[in-house]
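Asks: What follows is a single structure, and I will ask about it in a moment.
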Amino acid sequence: MKPSYLGEGLSDSLAKVIPHSEIRVRLLRIHVLMAFCNLLVYNYFYHIIEWWTQLEQKILRDKLSKVLFHGTLMDRAANIVLDGIDFNKLNDRADFGKGFYVTDSYALAENTAKLRYHQEKLRNGSAYPPVVMRIKMNCTKINKYTSSFLTNSIS
């Protein structure tokens, strides 16, 4: 009976004994190849996870934000952009009291801007063009906006 390392069914002339140094080299090559494959797989999955995390964050930001519109005239829109909302300049006699009115309907904001334009033109003979401001509101900070409004309207 032949030793098992020679292989079953091989004759003595076909059997090759591999020296220990060559076995070590082959094992080292296999080990390096496996480490390289692990690195490739890790790197691939790392990028997929990073991409997925960024996508989730974008979706969450979009879900937690709301686009609102404000219809006004060009000069007032410029003041809002440059100086922010000045609560002292808000109209006390507005439809629902003093406040900065926004809507999720672009058409309603557009109609409001056109109405303001016609009212201003009748009152003064000329008016700045109507504009619709697009405001992206972060819903996670809604308490900040609310408390800021209450603080400014009380004082």
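Residues in the structure tokens are named by chain (A, B, ... in the order shown) and by number from 1 within that chain; ligands are numbered from 1 in the order shown.
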Write down as number ranges by chain the residues of range 8-149 of chain A whose backbone DSSP state falls under alpha helix (DSSP H).
Replies: A: 20-63, 74-83, 106-124, 142-149
Asks: As an MDAnalysis selection string, please: the residues near Tyr117 in chain A (cut-off 9 Å, only C-alpha atoms, same-chain neighbours under 3 positions excluded).
Replies: chainID A and resid 72:73 112:114 120:122 126:130
Asks: For those residues, write N, CA, C and O atoms to a file as an mmCIF file, in the first residue's frame.
Replies:
data_model
loop_
_atom_site.group_PDB
_atom_site.id
_atom_site.type_symbol
_atom_site.label_atom_id
_atom_site.label_comp_id
_atom_site.auth_asym_id
_atom_site.auth_seq_id
_atom_site.Cartn_x
_atom_site.Cartn_y
_atom_site.Cartn_z
ATOM 1 N N THR A 72 -45.115 87.713 -2.565
ATOM 2 C CA THR A 72 -44.834 89.085 -2.151
ATOM 3 C C THR A 72 -44.370 89.883 -3.361
ATOM 4 O O THR A 72 -44.433 89.402 -4.493
ATOM 5 N N LEU A 73 -43.861 91.086 -3.116
ATOM 6 C CA LEU A 73 -43.303 91.913 -4.175
ATOM 7 C C LEU A 73 -41.774 91.859 -4.122
ATOM 8 O O LEU A 73 -41.194 91.547 -3.087
ATOM 9 N N THR A 112 -51.465 85.477 -4.361
ATOM 10 C CA THR A 112 -51.246 86.473 -3.313
ATOM 11 C C THR A 112 -50.274 87.549 -3.792
ATOM 12 O O THR A 112 -50.494 88.743 -3.568
ATOM 13 N N ALA A 113 -49.195 87.130 -4.446
ATOM 14 C CA ALA A 113 -48.219 88.093 -4.967
ATOM 15 C C ALA A 113 -48.863 89.011 -5.996
ATOM 16 O O ALA A 113 -48.648 90.237 -5.982
ATOM 17 N N LYS A 114 -49.673 88.440 -6.884
ATOM 18 C CA LYS A 114 -50.355 89.261 -7.899
ATOM 19 C C LYS A 114 -51.350 90.218 -7.253
ATOM 20 O O LYS A 114 -51.468 91.373 -7.670
ATOM 21 N N GLU A 120 -50.889 97.465 -4.535
ATOM 22 C CA GLU A 120 -49.827 98.468 -4.461
ATOM 23 C C GLU A 120 -49.902 99.429 -5.657
ATOM 24 O O GLU A 120 -49.698 100.632 -5.512
ATOM 25 N N LYS A 121 -50.203 98.885 -6.817
ATOM 26 C CA LYS A 121 -50.276 99.715 -8.035
ATOM 27 C C LYS A 121 -51.454 100.686 -7.947
ATOM 28 O O LYS A 121 -51.345 101.844 -8.350
ATOM 29 N N LEU A 122 -52.583 100.226 -7.405
ATOM 30 C CA LEU A 122 -53.737 101.110 -7.235
ATOM 31 C C LEU A 122 -53.444 102.195 -6.203
ATOM 32 O O LEU A 122 -53.838 103.352 -6.369
ATOM 33 N N SER A 126 -47.610 102.769 -9.024
ATOM 34 C CA SER A 126 -46.598 101.823 -9.535
ATOM 35 C C SER A 126 -46.279 100.814 -8.435
ATOM 36 O O SER A 126 -46.576 101.046 -7.263
ATOM 37 N N ALA A 127 -45.675 99.706 -8.840
ATOM 38 C CA ALA A 127 -45.331 98.666 -7.857
ATOM 39 C C ALA A 127 -44.201 97.811 -8.400
ATOM 40 O O ALA A 127 -43.999 97.712 -9.617
ATOM 41 N N TYR A 128 -43.467 97.226 -7.486
ATOM 42 C CA TYR A 128 -42.445 96.261 -7.881
ATOM 43 C C TYR A 128 -43.142 94.998 -8.382
ATOM 44 O O TYR A 128 -44.279 94.714 -7.992
ATOM 45 N N PRO A 129 -42.471 94.227 -9.227
ATOM 46 C CA PRO A 129 -43.113 93.017 -9.766
ATOM 47 C C PRO A 129 -43.397 91.981 -8.675
ATOM 48 O O PRO A 129 -42.676 91.900 -7.682
ATOM 49 N N PRO A 130 -44.450 91.183 -8.885
ATOM 50 C CA PRO A 130 -44.762 90.122 -7.913
ATOM 51 C C PRO A 130 -43.780 88.964 -8.047
ATOM 52 O O PRO A 130 -43.318 88.645 -9.144
#
Asks: Pick out the closest residue to Asn111 in chain A from this set: A:Phe96, A:Leu90, A:Leu28, A:Val131. Count only C-alpha atoms.
Replies: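 The closest residue to Asn111 in chain A is A:Val131.
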Asks: Quick one, how far is CA of Leu27 in chain A from CA of Tyr44 in chain A?
Replies: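 Going from CA of Leu27 in chain A over to CA of Tyr44 in chain A, I get 25.4 Å.
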Asks: Just how far from CA of Arg61 in chain A is CA of Cys139 in chain A, in Å to one decimal?
Replies: 9.2 Å
Asks: Would you pick out the contacts of Lys63 in chain A at 12 Å or less, using only C-alpha atoms, so that residues sharing its chain but fewer than 3 positions from it are not included, and give the list as a PyMOL selection string?
Replies: chain A and resi 56-60+66-67+136-140
Asks: When you draw a straight line from CA of Gly84 in chain A to CA of Ser105 in chain A, how long is it in Å?
Replies: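 It comes out at 21.9 Å.
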Asks: Can you tell me, as an MDAnalysis selection string, which residues in range 41-149 of chain A count as strand (DSSP E) by DSSP?
Replies: chainID A and resid 65:73 130:138
Asks: Skipping near chain neighbours, those fewer than 2 positions away, what residues fall within 10 Å of Val102 in chain A using only C-alpha atoms, listed as a PDB file with N, CA, C and O atoms, in the first residue's frame?
Replies:
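And here is the file that came out, part.pdb:
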ATOM      1  N   VAL A  67     -41.229  72.177   1.655  1.00  0.00           N
ATOM      2  CA  VAL A  67     -41.094  73.343   0.795  1.00  0.00           C
ATOM      3  C   VAL A  67     -42.369  74.166   0.911  1.00  0.00           C
ATOM      4  O   VAL A  67     -43.469  73.650   0.708  1.00  0.00           O
ATOM      5  N   LEU A  68     -42.198  75.423   1.261  1.00  0.00           N
ATOM      6  CA  LEU A  68     -43.314  76.349   1.400  1.00  0.00           C
ATOM      7  C   LEU A  68     -43.081  77.552   0.493  1.00  0.00           C
ATOM      8  O   LEU A  68     -41.953  77.807   0.072  1.00  0.00           O
ATOM      9  N   PHE A  69     -44.153  78.277   0.198  1.00  0.00           N
ATOM     10  CA  PHE A  69     -44.066  79.419  -0.700  1.00  0.00           C
ATOM     11  C   PHE A  69     -44.646  80.660  -0.030  1.00  0.00           C
ATOM     12  O   PHE A  69     -45.572  80.568   0.773  1.00  0.00           O
ATOM     13  N   HIS A  70     -44.079  81.813  -0.386  1.00  0.00           N
ATOM     14  CA  HIS A  70     -44.533  83.093   0.144  1.00  0.00           C
ATOM     15  C   HIS A  70     -44.653  84.060  -1.028  1.00  0.00           C
ATOM     16  O   HIS A  70     -43.670  84.334  -1.718  1.00  0.00           O
ATOM     17  N   GLY A  71     -45.861  84.552  -1.274  1.00  0.00           N
ATOM     18  CA  GLY A  71     -46.093  85.497  -2.358  1.00  0.00           C
ATOM     19  C   GLY A  71     -45.923  86.925  -1.873  1.00  0.00           C
ATOM     20  O   GLY A  71     -46.506  87.314  -0.858  1.00  0.00           O
ATOM     21  N   GLY A  99     -48.503  88.042  11.240  1.00  0.00           N
ATOM     22  CA  GLY A  99     -47.745  86.817  10.989  1.00  0.00           C
ATOM     23  C   GLY A  99     -47.096  86.836   9.621  1.00  0.00           C
ATOM     24  O   GLY A  99     -47.398  87.671   8.773  1.00  0.00           O
ATOM     25  N   PHE A 100     -46.189  85.919   9.425  1.00  0.00           N
ATOM     26  CA  PHE A 100     -45.525  85.731   8.135  1.00  0.00           C
ATOM     27  C   PHE A 100     -46.205  84.536   7.488  1.00  0.00           C
ATOM     28  O   PHE A 100     -46.059  83.404   7.940  1.00  0.00           O
ATOM     29  N   ASP A 104     -48.201  75.739   1.160  1.00  0.00           N
ATOM     30  CA  ASP A 104     -47.558  74.686   0.373  1.00  0.00           C
ATOM     31  C   ASP A 104     -48.059  74.694  -1.066  1.00  0.00           C
ATOM     32  O   ASP A 104     -47.652  73.882  -1.877  1.00  0.00           O
ATOM     33  N   SER A 105     -48.929  75.643  -1.391  1.00  0.00           N
ATOM     34  CA  SER A 105     -49.476  75.768  -2.742  1.00  0.00           C
ATOM     35  C   SER A 105     -48.780  76.920  -3.483  1.00  0.00           C
ATOM     36  O   SER A 105     -48.913  78.086  -3.101  1.00  0.00           O
ATOM     37  N   TYR A 106     -48.091  76.572  -4.552  1.00  0.00           N
ATOM     38  CA  TYR A 106     -47.423  77.601  -5.347  1.00  0.00           C
ATOM     39  C   TYR A 106     -48.464  78.547  -5.954  1.00  0.00           C
ATOM     40  O   TYR A 106     -48.272  79.761  -5.986  1.00  0.00           O
ATOM     41  N   LEU A 108     -51.415  79.447  -4.853  1.00  0.00           N
ATOM     42  CA  LEU A 108     -51.940  80.388  -3.865  1.00  0.00           C
ATOM     43  C   LEU A 108     -50.929  81.507  -3.585  1.00  0.00           C
ATOM     44  O   LEU A 108     -51.295  82.686  -3.517  1.00  0.00           O
ATOM     45  N   ALA A 109     -49.659  81.155  -3.465  1.00  0.00           N
ATOM     46  CA  ALA A 109     -48.627  82.163  -3.248  1.00  0.00           C
ATOM     47  C   ALA A 109     -48.526  83.101  -4.452  1.00  0.00           C
ATOM     48  O   ALA A 109     -48.360  84.318  -4.300  1.00  0.00           O
ATOM     49  N   MET A 133     -41.531  83.435  -3.295  1.00  0.00           N
ATOM     50  CA  MET A 133     -40.321  82.939  -2.620  1.00  0.00           C
ATOM     51  C   MET A 133     -40.522  81.472  -2.274  1.00  0.00           C
ATOM     52  O   MET A 133     -41.591  81.086  -1.796  1.00  0.00           O
ATOM     53  N   ARG A 134     -39.497  80.690  -2.521  1.00  0.00           N
ATOM     54  CA  ARG A 134     -39.517  79.262  -2.170  1.00  0.00           C
ATOM     55  C   ARG A 134     -38.713  79.114  -0.882  1.00  0.00           C
ATOM     56  O   ARG A 134     -37.549  79.491  -0.824  1.00  0.00           O
ATOM     57  N   ILE A 135     -39.336  78.557   0.142  1.00  0.00           N
ATOM     58  CA  ILE A 135     -38.702  78.421   1.458  1.00  0.00           C
ATOM     59  C   ILE A 135     -38.672  76.940   1.817  1.00  0.00           C
ATOM     60  O   ILE A 135     -39.713  76.289   1.848  1.00  0.00           O
TER      61      ILE A 135
END
